[in-house]
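Text of structure_11.txt, listed as compact mmCIF, C-alpha atoms:
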```txt
# COMPACT_ATOMS: atom_id res chain seq x y z
CA MET A 114 -4.30 -40.89 -4.53
CA ASN A 115 -7.89 -39.69 -5.03
CA PRO A 116 -8.03 -35.92 -5.78
CA GLY A 117 -11.67 -35.82 -4.64
CA ILE A 118 -10.75 -37.08 -1.17
CA VAL A 119 -7.88 -34.58 -0.97
CA ARG A 120 -10.30 -31.75 -1.85
CA THR A 121 -12.75 -32.97 0.80
CA ILE A 122 -10.02 -33.02 3.47
CA LEU A 123 -8.83 -29.59 2.29
CA SER A 124 -12.35 -28.14 2.55
CA LYS A 125 -12.88 -29.73 5.95
CA GLU A 126 -9.59 -28.38 7.34
CA LEU A 127 -10.18 -24.90 5.96
CA LEU A 128 -13.68 -24.81 7.40
CA ASP A 129 -12.49 -25.99 10.83
CA THR A 130 -9.67 -23.47 10.81
CA LEU A 131 -11.92 -20.56 9.90
CA ARG A 132 -14.28 -21.52 12.75
CA ASP A 133 -11.41 -21.21 15.25
CA LYS A 134 -11.31 -17.69 16.76
CA ARG A 135 -7.65 -17.99 17.69
CA THR A 136 -6.69 -18.78 14.13
CA ILE A 137 -8.74 -15.86 12.82
CA ILE A 138 -6.96 -13.56 15.25
CA MET A 139 -3.54 -14.86 14.19
CA MET A 140 -4.34 -14.67 10.48
CA ILE A 141 -6.34 -11.43 10.34
CA GLY A 142 -5.99 -9.53 13.61
CA VAL A 143 -2.20 -9.71 13.79
CA PRO A 144 -1.37 -8.67 10.19
CA LEU A 145 -4.12 -6.06 9.90
CA LEU A 146 -3.86 -4.50 13.36
CA LEU A 147 -0.81 -5.53 15.39
CA TYR A 148 1.97 -5.25 12.79
CA PRO A 149 0.87 -1.85 11.42
CA ALA A 150 0.31 -0.52 14.94
CA LEU A 151 3.79 -1.60 16.07
CA THR A 152 5.37 -0.18 12.91
CA LEU A 153 3.61 3.17 13.26
CA ILE A 154 4.41 3.40 16.97
CA THR A 155 8.08 2.64 16.28
CA PHE A 156 8.22 5.18 13.45
CA GLN A 157 6.52 7.90 15.49
CA GLY A 158 8.86 7.19 18.38
CA PHE A 159 11.87 7.52 16.09
CA VAL A 160 10.55 10.80 14.67
CA PHE A 161 9.93 12.12 18.18
CA LEU A 162 13.43 11.17 19.37
CA GLN A 163 15.03 12.60 16.24
CA GLY A 164 13.13 15.86 16.71
CA ARG A 165 14.21 16.07 20.34
CA LEU A 166 17.78 15.32 19.29
CA ASP A 167 17.78 18.06 16.64
CA GLU A 168 16.53 20.64 19.15
CA THR A 169 18.87 19.67 22.01
CA PRO A 170 22.37 21.20 22.01
CA SER A 171 25.28 18.78 22.26
CA ARG A 172 27.39 18.94 25.40
CA VAL A 173 31.08 18.99 24.46
CA ALA A 174 34.18 19.09 26.65
CA LEU A 175 37.78 19.96 25.71
CA MET A 176 40.65 17.68 26.65
CA GLY A 177 44.36 18.37 26.47
CA THR A 178 46.22 21.65 26.01
CA ALA A 179 43.59 23.64 24.15
CA PRO A 180 44.70 27.05 22.84
CA GLY A 181 42.21 29.90 23.01
CA PRO A 182 41.13 29.76 19.35
CA VAL A 183 40.10 26.10 19.60
CA GLU A 184 37.88 26.81 22.57
CA GLU A 185 36.37 29.77 20.72
CA TRP A 186 35.72 27.64 17.62
CA VAL A 187 33.81 25.04 19.63
CA ARG A 188 31.93 27.65 21.62
CA THR A 189 30.64 29.45 18.51
CA MET A 190 29.43 26.30 16.70
CA PRO A 191 25.65 26.02 16.35
CA ARG A 192 23.89 23.59 18.71
CA ILE A 193 27.09 23.00 20.68
CA GLU A 194 27.33 23.70 24.40
CA LEU A 195 30.88 23.79 25.79
CA VAL A 196 31.05 22.40 29.33
CA ASP A 197 33.93 22.21 31.77
CA GLU A 198 34.73 18.72 33.10
CA ARG A 199 37.56 17.66 35.37
CA ASP A 200 37.82 14.27 33.64
CA PRO A 201 36.24 14.58 30.16
CA MET A 202 36.69 10.90 29.22
CA GLU A 203 35.05 9.70 32.42
CA ALA A 204 32.21 12.14 31.81
CA LEU A 205 31.84 10.83 28.23
CA LEU A 206 31.65 7.22 29.40
CA ALA A 207 29.15 8.17 32.11
CA GLY A 208 26.98 10.19 29.71
CA GLY A 209 27.81 13.53 31.30
CA VAL A 210 28.95 14.90 27.94
CA ASP A 211 28.13 13.84 24.39
CA ALA A 212 31.60 14.25 22.87
CA VAL A 213 35.15 15.25 23.73
CA VAL A 214 37.54 17.24 21.55
CA TYR A 215 41.11 16.15 22.31
CA VAL A 216 43.79 18.70 21.48
CA GLY A 217 47.42 17.63 21.12
CA SER A 218 50.14 19.18 23.27
CA ASP A 219 51.82 20.89 20.28
CA ALA A 220 48.63 22.59 19.07
CA GLU A 221 49.48 26.06 20.38
CA ASN A 222 52.98 26.07 18.91
CA ALA A 223 51.65 24.69 15.64
CA MET A 224 49.09 27.47 15.38
CA ILE A 225 51.73 30.14 15.99
CA ALA A 226 53.98 28.63 13.33
CA ASP A 227 51.11 27.98 10.91
CA ARG A 228 51.80 24.27 11.05
CA GLN A 229 49.33 21.43 10.99
CA PHE A 230 48.07 19.91 14.22
CA GLU A 231 45.49 17.28 15.07
CA LEU A 232 42.11 17.51 16.75
CA THR A 233 40.47 14.24 17.79
CA VAL A 234 36.71 14.00 18.27
CA ARG A 235 35.93 11.23 20.74
CA TYR A 236 32.37 9.96 21.04
CA ASP A 237 30.27 6.92 21.90
CA ALA A 238 28.93 5.32 18.73
CA THR A 239 26.26 3.44 20.68
CA GLU A 240 24.52 6.66 21.76
CA MET A 241 22.42 8.72 19.33
CA ALA A 242 23.22 11.99 21.12
CA SER A 243 26.94 11.24 21.02
CA ARG A 244 26.87 10.42 17.29
CA ALA A 245 24.94 13.64 16.62
CA ALA A 246 27.52 15.63 18.62
CA ALA A 247 30.36 14.06 16.64
CA ASN A 248 28.65 14.92 13.33
CA ARG A 249 28.09 18.51 14.44
CA LEU A 250 31.71 18.87 15.53
CA GLN A 251 33.03 17.32 12.33
CA HIS A 252 30.93 19.66 10.21
CA GLY A 253 31.83 22.74 12.25
CA LEU A 254 35.56 21.98 12.41
CA THR A 255 35.65 21.26 8.68
CA GLN A 256 34.13 24.65 7.92
CA ILE A 257 36.63 26.39 10.23
CA MET A 258 39.54 24.46 8.68
CA ARG A 259 38.54 25.57 5.19
CA SER A 260 38.25 29.17 6.35
CA ILE A 261 41.72 29.13 7.94
CA ARG A 262 43.21 27.44 4.89
CA LYS A 263 41.77 30.14 2.63
CA GLU A 264 43.15 32.89 4.89
CA ARG A 265 46.63 31.37 4.84
CA LEU A 266 46.59 30.93 1.08
CA ASP A 267 45.43 34.50 0.57
CA ALA A 268 48.22 35.75 2.85
CA MET A 269 50.76 33.90 0.69
CA GLY A 270 49.16 35.11 -2.52
CA ILE A 271 48.14 31.63 -3.62
CA ARG A 272 44.80 30.91 -5.16
CA GLU A 273 42.85 28.13 -3.47
CA ALA A 274 42.29 26.43 -6.82
CA ALA A 275 46.06 25.96 -7.11
CA VAL A 276 46.15 23.55 -4.17
CA THR A 277 42.74 22.05 -4.93
CA PRO A 278 42.91 21.19 -8.63
CA PHE A 279 39.47 19.58 -8.76
CA GLU A 280 36.53 18.53 -6.62
CA VAL A 281 34.60 15.28 -6.89
CA ARG A 282 30.85 15.73 -6.83
CA GLU A 283 28.34 12.89 -6.84
CA GLU A 284 25.03 13.19 -8.68
CA ASP A 285 22.34 10.57 -8.30
CA ILE A 286 20.18 10.41 -11.43
CA ALA A 287 17.82 7.76 -10.07
CA PRO A 288 14.26 9.09 -9.60
CA PRO A 289 12.79 8.87 -6.07
CA MET A 290 10.36 6.12 -7.10
CA LYS A 291 13.21 3.91 -8.35
CA THR A 292 15.24 4.53 -5.20
CA THR A 293 12.28 3.65 -3.01
CA GLY A 294 11.56 0.59 -5.13
CA THR A 295 15.12 -0.63 -4.72
CA LEU A 296 14.91 -0.26 -0.95
CA VAL A 297 11.53 -1.97 -0.72
CA GLY A 298 12.66 -4.67 -3.14
CA ALA A 299 15.59 -5.51 -0.89
CA LEU A 300 13.43 -5.77 2.24
CA LEU A 301 10.24 -7.23 0.78
CA PRO A 302 11.45 -10.82 0.12
CA LEU A 303 12.68 -11.21 3.70
CA LEU A 304 9.48 -9.72 5.10
CA MET A 305 7.34 -11.95 2.90
CA VAL A 306 9.21 -15.10 3.98
CA LEU A 307 8.74 -14.17 7.64
CA MET A 308 5.08 -13.26 7.15
CA VAL A 309 4.27 -16.46 5.24
CA ALA A 310 6.15 -18.56 7.81
CA MET A 311 4.27 -16.91 10.68
CA GLY A 312 0.98 -17.39 8.83
CA ALA A 313 1.70 -21.09 8.29
CA PHE A 314 3.04 -21.87 11.75
CA TYR A 315 -0.15 -21.66 13.82
CA PRO A 316 -2.44 -23.51 11.32
CA ALA A 317 0.20 -26.23 10.88
CA VAL A 318 0.40 -26.78 14.64
CA ASP A 319 -3.37 -26.68 15.01
CA LEU A 320 -3.97 -29.19 12.18
CA THR A 321 -1.55 -31.72 13.71
CA ALA A 322 -0.92 -31.41 17.44
CA GLY A 323 -4.14 -29.46 18.00
CA GLU A 324 -6.27 -32.08 16.30
CA LYS A 325 -4.57 -34.81 18.27
CA GLU A 326 -5.34 -32.96 21.53
CA ARG A 327 -9.00 -32.63 20.51
CA GLY A 328 -9.14 -36.38 19.89
CA THR A 329 -10.19 -36.09 16.24
CA PHE A 330 -6.93 -37.17 14.66
CA GLU A 331 -7.50 -40.87 15.45
CA THR A 332 -11.00 -40.64 13.95
CA LEU A 333 -9.56 -39.22 10.73
CA LEU A 334 -6.94 -41.98 10.56
CA SER A 335 -9.60 -44.64 11.00
CA THR A 336 -11.47 -43.52 7.87
CA PRO A 337 -10.90 -45.51 4.64
CA VAL A 338 -8.52 -42.98 3.11
CA ALA A 339 -4.81 -43.23 2.39
CA LYS A 340 -2.33 -41.48 4.67
CA LEU A 341 -0.91 -39.65 1.67
CA GLU A 342 -4.34 -38.17 0.97
CA ILE A 343 -4.63 -36.95 4.55
CA VAL A 344 -1.15 -35.42 4.47
CA SER A 345 -1.82 -33.82 1.08
CA GLY A 346 -5.12 -32.33 2.21
CA LYS A 347 -3.59 -30.91 5.39
CA PHE A 348 -0.56 -29.60 3.51
CA LEU A 349 -2.75 -27.82 0.95
CA ALA A 350 -4.82 -26.32 3.78
CA VAL A 351 -1.71 -24.95 5.47
CA PHE A 352 -0.45 -23.68 2.10
CA VAL A 353 -3.69 -21.83 1.35
CA LEU A 354 -3.82 -20.30 4.83
CA ALA A 355 -0.16 -19.27 4.65
CA MET A 356 -0.66 -17.58 1.27
CA ALA A 357 -3.78 -15.80 2.49
CA SER A 358 -1.96 -14.60 5.61
CA GLY A 359 1.00 -13.46 3.49
CA LEU A 360 -1.25 -11.47 1.15
CA LEU A 361 -3.03 -9.85 4.09
CA ASN A 362 0.34 -8.96 5.61
CA LEU A 363 1.56 -7.57 2.31
CA ALA A 364 -1.50 -5.39 1.83
CA SER A 365 -1.44 -4.18 5.42
CA MET A 366 2.28 -3.36 5.49
CA GLY A 367 2.05 -1.79 2.04
CA LEU A 368 -0.57 0.66 3.26
CA THR A 369 1.43 1.27 6.44
CA PHE A 370 4.67 2.06 4.60
CA ALA A 371 2.79 4.19 2.08
CA PHE A 372 1.59 6.32 4.99
CA ILE A 373 5.08 6.42 6.51
CA PHE A 374 6.67 7.54 3.24
CA THR A 375 4.27 10.48 3.09
CA GLN A 376 5.54 11.60 6.52
CA VAL A 377 9.26 11.27 5.76
CA PRO A 378 11.03 14.42 4.52
CA ALA A 379 11.78 14.41 0.80
CA GLU A 380 15.57 14.59 1.27
CA LEU A 381 15.51 11.23 3.06
```
Just dump the structure as structure tokens.
Amino acid sequence: MNPGIVRTILSKELLDTLRDKRTIIMMIGVPLLLYPALTLITFQGFVFLQGRLDETPSRVALMGTAPGPVEEWVRTMPRIELVDERDPMEALLAGGVDAVVYVGSDAENAMIADRQFELTVRYDATEMASRAAANRLQHGLTQIMRSIRKERLDAMGIREAAVTPFEVREEDIAPPMKTTGTLVGALLPLLMVLMVAMGAFYPAVDLTAGEKERGTFETLLSTPVAKLEIVSGKFLAVFVLAMASGLLNLASMGLTFAFIFTQVPAEL
């Protein structure tokens, strides 16, 4: 195999590819304009929906034999709107309410006797509003449970520390840059494989099927060069174009995510 011939075929294929407007659009326009635009639009849409979700109260219905205190607990929770539904489960499935608090039949007697009873929060995990309602209810009911437990312990003259010997607290010592690097490092290889594959796909098709459609492939095969030299030249051309497209994608998405990270709250 003659390296000079391979270089000539490589130069010829690169020059032909760079003269093709469609290839330029796929290699430069898509990574530099389309991908960042779609990413930013998706991110801004998520931020908008999350903001709307945070401001909108969750509609919650009670189901079962609910004693007065339970209804009062739910009614006084922040960002919770208690609604009256004839069939709470049907309303939950239809989207009429975001969550349902099911109260067992023995709840009233258990409260009078200071016994334990169960509250079940039913929600639709496929709906963002329903998940948010469940989180709000879980947080609110946990706070109320701790308050009632403290009152009962105080009435019996028992310190709360006696029934809660220790608490487990997690502390993340990783700096934000390392945490972000770990996240990006997990996603970056997959993104790079996809970007390089997309960058190589169109030039590879154009240098084979496209050249055959243009009627130039037979002319190239009729030249006094080995088939291996032709394949090597075309392969190197696709490789160079794929790497260039991957680097453009990497730079473009890097700038895009750098902008996104500046918009994300620090606690996230």
Within 9 Å of Leu368 (chain A) using only C-alpha atoms, minus same-chain residues under 5 positions, as number ranges by chain: A: 149, 363, 373
C-alpha atoms of the current selection, written as a PDB file, in the coordinates of the input:
```pdb
ATOM      1  CA  PRO A 149       0.870  -1.850  11.420  1.00  0.00           C
ATOM      2  CA  LEU A 363       1.560  -7.570   2.310  1.00  0.00           C
ATOM      3  CA  ILE A 373       5.080   6.420   6.510  1.00  0.00           C
TER       4      ILE A 373
END
```
Using Å and a single decimal, report how far CA of Val173 (chain A) sits from CA of Glu203 (chain A). 12.9 Å
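The residue that comes closest to Ile261 (chain A), out of A:Leu206, A:Val318, A:Val281, A:Met224 and on the basis of all atoms listed in the file, is A:Met224.
Near Thr152 (chain A), within 9 Å and counting only C-alpha atoms, sit Leu147, Tyr148, Pro149, Thr155, Phe156, Gln157, Met366, Thr369 and Phe370 of chain A, not including residues fewer than 3 positions from it in the same chain.
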Mind listing as a PDB file with C-alpha atoms, in the frame of the given file all residues within 10 Å of (35.4, 12.8, 28.4), counting all atoms listed in the file?
```pdb
ATOM      1  CA  VAL A 173      31.080  18.990  24.460  1.00  0.00           C
ATOM      2  CA  ALA A 174      34.180  19.090  26.650  1.00  0.00           C
ATOM      3  CA  LEU A 175      37.780  19.960  25.710  1.00  0.00           C
ATOM      4  CA  MET A 176      40.650  17.680  26.650  1.00  0.00           C
ATOM      5  CA  GLU A 198      34.730  18.720  33.100  1.00  0.00           C
ATOM      6  CA  ARG A 199      37.560  17.660  35.370  1.00  0.00           C
ATOM      7  CA  ASP A 200      37.820  14.270  33.640  1.00  0.00           C
ATOM      8  CA  PRO A 201      36.240  14.580  30.160  1.00  0.00           C
ATOM      9  CA  MET A 202      36.690  10.900  29.220  1.00  0.00           C
ATOM     10  CA  GLU A 203      35.050   9.700  32.420  1.00  0.00           C
ATOM     11  CA  ALA A 204      32.210  12.140  31.810  1.00  0.00           C
ATOM     12  CA  LEU A 205      31.840  10.830  28.230  1.00  0.00           C
ATOM     13  CA  LEU A 206      31.650   7.220  29.400  1.00  0.00           C
ATOM     14  CA  ALA A 207      29.150   8.170  32.110  1.00  0.00           C
ATOM     15  CA  GLY A 208      26.980  10.190  29.710  1.00  0.00           C
ATOM     16  CA  GLY A 209      27.810  13.530  31.300  1.00  0.00           C
ATOM     17  CA  VAL A 210      28.950  14.900  27.940  1.00  0.00           C
ATOM     18  CA  ASP A 211      28.130  13.840  24.390  1.00  0.00           C
ATOM     19  CA  ALA A 212      31.600  14.250  22.870  1.00  0.00           C
ATOM     20  CA  VAL A 213      35.150  15.250  23.730  1.00  0.00           C
ATOM     21  CA  VAL A 214      37.540  17.240  21.550  1.00  0.00           C
ATOM     22  CA  TYR A 215      41.110  16.150  22.310  1.00  0.00           C
ATOM     23  CA  ARG A 235      35.930  11.230  20.740  1.00  0.00           C
ATOM     24  CA  TYR A 236      32.370   9.960  21.040  1.00  0.00           C
TER      25      TYR A 236
END
```
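The interatomic distance for the pair CA of Asp319 (chain A) and CA of Leu301 (chain A) works out to 27.7 Å.
Residue neighbourhood of region 159-161 of chain A, excluding near-sequence residues (fewer than 3 positions): Thr152, Leu153, Ile154, Thr155, Phe156, Gly164, Arg165, Leu166, Asp167, Glu168, Met241, Ile373, Gln376, Val377 and Pro378 of chain A, at 12 Å, using all atoms listed in the file.
Among the candidates A:Leu145, A:Leu162, A:Ala274, A:Met140, the residue lying nearest to Ala310 (chain A) is A:Met140 (atoms considered: all atoms listed in the file).
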Atom pair CA of Leu250 (chain A) / CA of Val187 (chain A): separation (Å): 7.7 Å
Residues within 10 Å of Ala357 (chain A), all atoms listed in the file, excluding chain neighbours under 3 positions, as a PyMOL selection string: chain A and resi 140-141+309+312-313+351-354+360-363
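The neighbours of Thr136 (chain A) here are the residues that come within 12 Å of it, using all atoms listed in the file and leaving out any residue fewer than 3 positions away in the same chain; they are A:Leu127, A:Leu128, A:Asp129, A:Thr130, A:Leu131, A:Arg132, A:Asp133, A:Met139, A:Met140, A:Ile141, A:Gly142, A:Val143, A:Met311, A:Gly312, A:Ala313, A:Phe314, A:Tyr315, A:Pro316, A:Ala317, A:Val318, A:Asp319, A:Leu320, A:Gly323, A:Val351, A:Leu354, A:Ala355, A:Ser358.
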Could the centre and edge lengths of an axis-aligned box, enclosing all atoms of region 310-325 of chain A in the file with 8 Å extra on each side, be given in Å to one decimal as JSON?
```
{"center_x": -0.1, "center_y": -25.9, "center_z": 13.0, "size_x": 28.4, "size_y": 33.9, "size_z": 26.5}
```
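When all atoms listed in the file are used to measure the gap to Thr189 (chain A), the shortest distance among A:Ala245, A:Glu126, A:Leu254, A:Thr295 belongs to A:Leu254.
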